[in-house]
>>> print(open('entry36.txt').read())   # compact mmCIF, C-alpha atoms
# COMPACT_ATOMS: atom_id res chain seq x y z
CA MET A 1 0.00 0.00 0.00
CA GLU A 2 2.85 2.40 0.80
CA PRO A 3 4.36 2.34 -2.73
CA ALA A 4 0.94 3.19 -4.17
CA LEU A 5 0.57 6.15 -1.83
CA THR A 6 4.05 7.37 -2.76
CA GLN A 7 3.19 7.13 -6.45
CA LEU A 8 -0.11 8.97 -5.96
CA ALA A 9 1.67 11.77 -4.14
CA LYS A 10 3.88 12.29 -7.20
CA LEU A 11 0.96 12.83 -9.61
CA THR A 12 0.22 16.36 -10.71
CA ALA A 13 -3.30 17.77 -10.41
CA SER A 14 -3.75 17.28 -14.15
CA GLU A 15 -2.61 13.64 -14.02
CA THR A 16 -4.90 12.95 -11.08
CA HIS A 17 -7.84 14.47 -12.93
CA ARG A 18 -7.11 12.42 -16.05
CA LEU A 19 -6.79 9.23 -14.02
CA ASP A 20 -9.98 9.96 -12.09
CA ARG A 21 -11.90 10.33 -15.37
CA ALA A 22 -10.71 6.91 -16.55
CA ILE A 23 -11.51 5.24 -13.23
CA VAL A 24 -15.02 6.71 -13.19
CA ALA A 25 -15.59 5.48 -16.75
CA ILE A 26 -14.52 1.95 -15.76
CA SER A 27 -16.60 1.98 -12.58
CA VAL A 28 -19.69 2.92 -14.60
CA ASN A 29 -18.98 0.34 -17.31
CA PRO A 30 -16.40 -2.34 -16.35
CA GLU A 31 -16.68 -3.82 -19.85
CA LEU A 32 -15.01 -0.78 -21.46
CA GLY A 33 -11.61 -2.41 -21.61
CA THR A 34 -10.48 -5.28 -23.75
CA GLU A 35 -9.63 -8.64 -22.25
CA VAL A 36 -5.96 -9.51 -21.97
CA PRO A 37 -5.70 -12.97 -23.57
CA GLY A 38 -4.92 -15.78 -21.17
CA THR A 39 -5.67 -13.70 -18.06
CA LEU A 40 -8.61 -12.32 -16.10
CA LEU A 41 -7.33 -8.78 -16.66
CA CYS A 42 -8.86 -6.03 -18.76
CA ASP A 43 -6.93 -3.25 -20.50
CA TYR A 44 -8.51 0.18 -20.92
CA VAL A 45 -6.74 2.92 -22.88
CA ASP A 46 -8.00 6.49 -23.06
CA GLU A 47 -5.91 7.98 -25.85
CA ILE A 48 -7.38 11.46 -25.41
CA ASP A 49 -6.26 11.72 -21.76
CA SER A 50 -3.17 9.49 -22.26
CA VAL A 51 -4.18 7.08 -19.51
CA ARG A 52 -3.91 3.30 -19.47
CA VAL A 53 -5.61 1.21 -16.81
CA ILE A 54 -5.17 -2.52 -16.29
CA TYR A 55 -7.91 -3.85 -14.06
CA TYR A 56 -9.58 -6.96 -12.74
CA VAL A 57 -13.27 -7.25 -11.90
CA THR A 58 -13.99 -9.74 -9.10
CA ALA A 59 -16.99 -12.07 -9.00
CA LEU A 60 -18.63 -9.69 -6.52
CA GLY A 61 -18.10 -6.70 -8.80
CA SER A 62 -15.18 -5.10 -7.00
CA ILE A 63 -12.55 -3.62 -9.29
CA THR A 64 -8.81 -3.81 -8.65
CA ILE A 65 -6.85 -1.24 -10.67
CA VAL A 66 -3.29 -0.60 -11.77
CA ALA A 67 -2.96 2.61 -13.78
CA TYR A 68 -0.40 4.37 -15.91
CA VAL A 69 -0.59 8.06 -16.77
CA GLU A 70 1.58 9.23 -19.66
CA ALA A 71 3.29 12.61 -19.42
>>> encode(input="entry36.txt", output="structure tokens")
Amino acid sequence: MEPALTQLAKLTASETHRLDRAIVAISVNPELGTEVPGTLLCDYVDEIDSVRVIYYVTALGSITIVAYVEA
């Protein structure tokens, strides 16, 4: 958890806003991303905001997210 908090602290306000938009989109429609073959992961790319999110939707509907924000 600590590395994630450190990474979040390094994001600019603009990067945080862009990432938030992608996370909201996924939370509203978890099927937005494409399945990563051979895994349970989904890959969502927002080319307008330069954000990539790899996520996993659990059987109970929870979403676990790893995100990448391009400069």
>>> atom_distance(input="entry36.txt", atom1="CA of Glu35 (chain A)", atom2="CA of Lys10 (chain A)")
29.1 Å
>>> residues_around(input="entry36.txt", residues="Gly33 (chain A)", least_positions_apart="6", cutoff="8 Å", atoms="all atoms listed in the file", output="list in words")
Ile26, Cys42, Asp43, Tyr44 and Val45 of chain A
>>> atom_distance(input="entry36.txt", atom1="CA of Val57 (chain A)", atom2="CA of Pro30 (chain A)")
7.3 Å
>>> closest_residue(input="entry36.txt", among="A:Ile65, A:Tyr56, A:Leu5, A:Ile48", to="Val24 (chain A)", atoms="all atoms listed in the file")
A:Ile65
>>> atom_distance(input="entry36.txt", atom1="CA of Val28 (chain A)", atom2="CA of Glu15 (chain A)")
20.2 Å
>>> residues_around(input="entry36.txt", residues="Ala25 (chain A)", least_positions_apart="6", cutoff="10 Å", atoms="all atoms listed in the file", output="list in words")
Leu19, Glu31, Leu32, Tyr44 and Asp46 of chain A
>>> decode(input="entry36.txt", residues="region 12-28 of chain A", atoms="all heavy atoms", output="compact mmCIF listing (two decimals), in the first residue's frame")
# COMPACT_ATOMS: atom_id res chain seq x y z
N THR A 12 0.64 14.96 -10.66
CA THR A 12 0.22 16.36 -10.71
C THR A 12 -1.31 16.42 -10.63
O THR A 12 -1.98 15.40 -10.78
CB THR A 12 0.67 17.03 -12.02
OG1 THR A 12 -0.03 16.42 -13.11
CG2 THR A 12 2.17 16.94 -12.21
N ALA A 13 -1.84 17.60 -10.44
CA ALA A 13 -3.30 17.77 -10.41
C ALA A 13 -3.91 17.33 -11.74
O ALA A 13 -4.96 16.68 -11.76
CB ALA A 13 -3.66 19.21 -10.09
N SER A 14 -3.26 17.66 -12.83
CA SER A 14 -3.75 17.28 -14.15
C SER A 14 -3.75 15.76 -14.33
O SER A 14 -4.72 15.18 -14.83
CB SER A 14 -2.89 17.91 -15.24
OG SER A 14 -3.26 17.44 -16.51
N GLU A 15 -2.69 15.10 -13.91
CA GLU A 15 -2.61 13.64 -14.02
C GLU A 15 -3.67 12.97 -13.15
O GLU A 15 -4.31 12.00 -13.57
CB GLU A 15 -1.22 13.16 -13.63
CG GLU A 15 -0.14 13.54 -14.62
CD GLU A 15 1.26 13.29 -14.11
OE1 GLU A 15 1.47 13.28 -12.88
OE2 GLU A 15 2.15 13.14 -14.96
N THR A 16 -3.87 13.49 -11.96
CA THR A 16 -4.90 12.95 -11.08
C THR A 16 -6.27 13.10 -11.70
O THR A 16 -7.09 12.16 -11.67
CB THR A 16 -4.85 13.65 -9.71
OG1 THR A 16 -3.55 13.47 -9.14
CG2 THR A 16 -5.90 13.10 -8.76
N HIS A 17 -6.55 14.23 -12.29
CA HIS A 17 -7.84 14.47 -12.93
C HIS A 17 -8.05 13.50 -14.10
O HIS A 17 -9.12 12.91 -14.24
CB HIS A 17 -7.92 15.92 -13.43
CG HIS A 17 -9.18 16.24 -14.14
ND1 HIS A 17 -10.39 16.35 -13.48
CD2 HIS A 17 -9.43 16.44 -15.45
CE1 HIS A 17 -11.33 16.62 -14.36
NE2 HIS A 17 -10.78 16.68 -15.57
N ARG A 18 -7.02 13.33 -14.92
CA ARG A 18 -7.11 12.42 -16.05
C ARG A 18 -7.34 10.98 -15.59
O ARG A 18 -8.16 10.24 -16.16
CB ARG A 18 -5.85 12.52 -16.90
CG ARG A 18 -5.76 13.86 -17.62
CD ARG A 18 -4.42 14.22 -18.17
NE ARG A 18 -3.60 13.13 -18.66
CZ ARG A 18 -2.27 13.17 -18.68
NH1 ARG A 18 -1.61 14.23 -18.23
NH2 ARG A 18 -1.58 12.16 -19.14
N LEU A 19 -6.63 10.57 -14.56
CA LEU A 19 -6.79 9.23 -14.02
C LEU A 19 -8.17 9.04 -13.41
O LEU A 19 -8.82 8.01 -13.62
CB LEU A 19 -5.69 8.95 -13.00
CG LEU A 19 -5.67 7.57 -12.37
CD1 LEU A 19 -5.58 6.49 -13.44
CD2 LEU A 19 -4.52 7.47 -11.39
N ASP A 20 -8.64 10.03 -12.69
CA ASP A 20 -9.98 9.96 -12.09
C ASP A 20 -11.05 9.75 -13.15
O ASP A 20 -11.99 8.97 -12.98
CB ASP A 20 -10.30 11.22 -11.29
CG ASP A 20 -9.63 11.26 -9.93
OD1 ASP A 20 -9.10 10.21 -9.50
OD2 ASP A 20 -9.62 12.34 -9.32
N ARG A 21 -10.92 10.46 -14.28
CA ARG A 21 -11.90 10.33 -15.37
C ARG A 21 -11.94 8.89 -15.90
O ARG A 21 -13.01 8.33 -16.13
CB ARG A 21 -11.58 11.30 -16.50
CG ARG A 21 -11.87 12.74 -16.15
CD ARG A 21 -11.36 13.72 -17.21
NE ARG A 21 -11.59 13.33 -18.59
CZ ARG A 21 -12.63 13.70 -19.33
NH1 ARG A 21 -13.54 14.50 -18.80
NH2 ARG A 21 -12.74 13.32 -20.58
N ALA A 22 -10.78 8.29 -16.06
CA ALA A 22 -10.71 6.91 -16.55
C ALA A 22 -11.30 5.93 -15.53
O ALA A 22 -12.05 5.02 -15.90
CB ALA A 22 -9.27 6.54 -16.87
N ILE A 23 -11.00 6.13 -14.27
CA ILE A 23 -11.51 5.24 -13.23
C ILE A 23 -13.02 5.34 -13.11
O ILE A 23 -13.72 4.34 -12.95
CB ILE A 23 -10.81 5.51 -11.88
CG1 ILE A 23 -9.34 5.07 -11.99
CG2 ILE A 23 -11.51 4.80 -10.73
CD1 ILE A 23 -8.48 5.47 -10.81
N VAL A 24 -13.56 6.54 -13.22
CA VAL A 24 -15.02 6.71 -13.19
C VAL A 24 -15.65 6.00 -14.38
O VAL A 24 -16.65 5.30 -14.24
CB VAL A 24 -15.41 8.21 -13.16
CG1 VAL A 24 -16.89 8.39 -13.43
CG2 VAL A 24 -15.03 8.82 -11.82
N ALA A 25 -15.05 6.14 -15.57
CA ALA A 25 -15.59 5.48 -16.75
C ALA A 25 -15.63 3.96 -16.56
O ALA A 25 -16.64 3.31 -16.89
CB ALA A 25 -14.76 5.84 -17.98
N ILE A 26 -14.57 3.40 -15.99
CA ILE A 26 -14.52 1.95 -15.76
C ILE A 26 -15.52 1.54 -14.69
O ILE A 26 -16.18 0.51 -14.81
CB ILE A 26 -13.10 1.51 -15.36
CG1 ILE A 26 -12.16 1.68 -16.55
CG2 ILE A 26 -13.08 0.08 -14.85
CD1 ILE A 26 -10.70 1.57 -16.21
N SER A 27 -15.67 2.34 -13.65
CA SER A 27 -16.60 1.98 -12.58
C SER A 27 -18.05 1.99 -13.07
O SER A 27 -18.87 1.20 -12.63
CB SER A 27 -16.44 2.90 -11.37
OG SER A 27 -16.88 4.21 -11.66
N VAL A 28 -18.34 2.87 -14.03
CA VAL A 28 -19.69 2.92 -14.60
C VAL A 28 -19.90 1.75 -15.57
O VAL A 28 -20.98 1.18 -15.62
CB VAL A 28 -19.92 4.27 -15.34
CG1 VAL A 28 -21.20 4.27 -16.13
CG2 VAL A 28 -19.92 5.41 -14.33
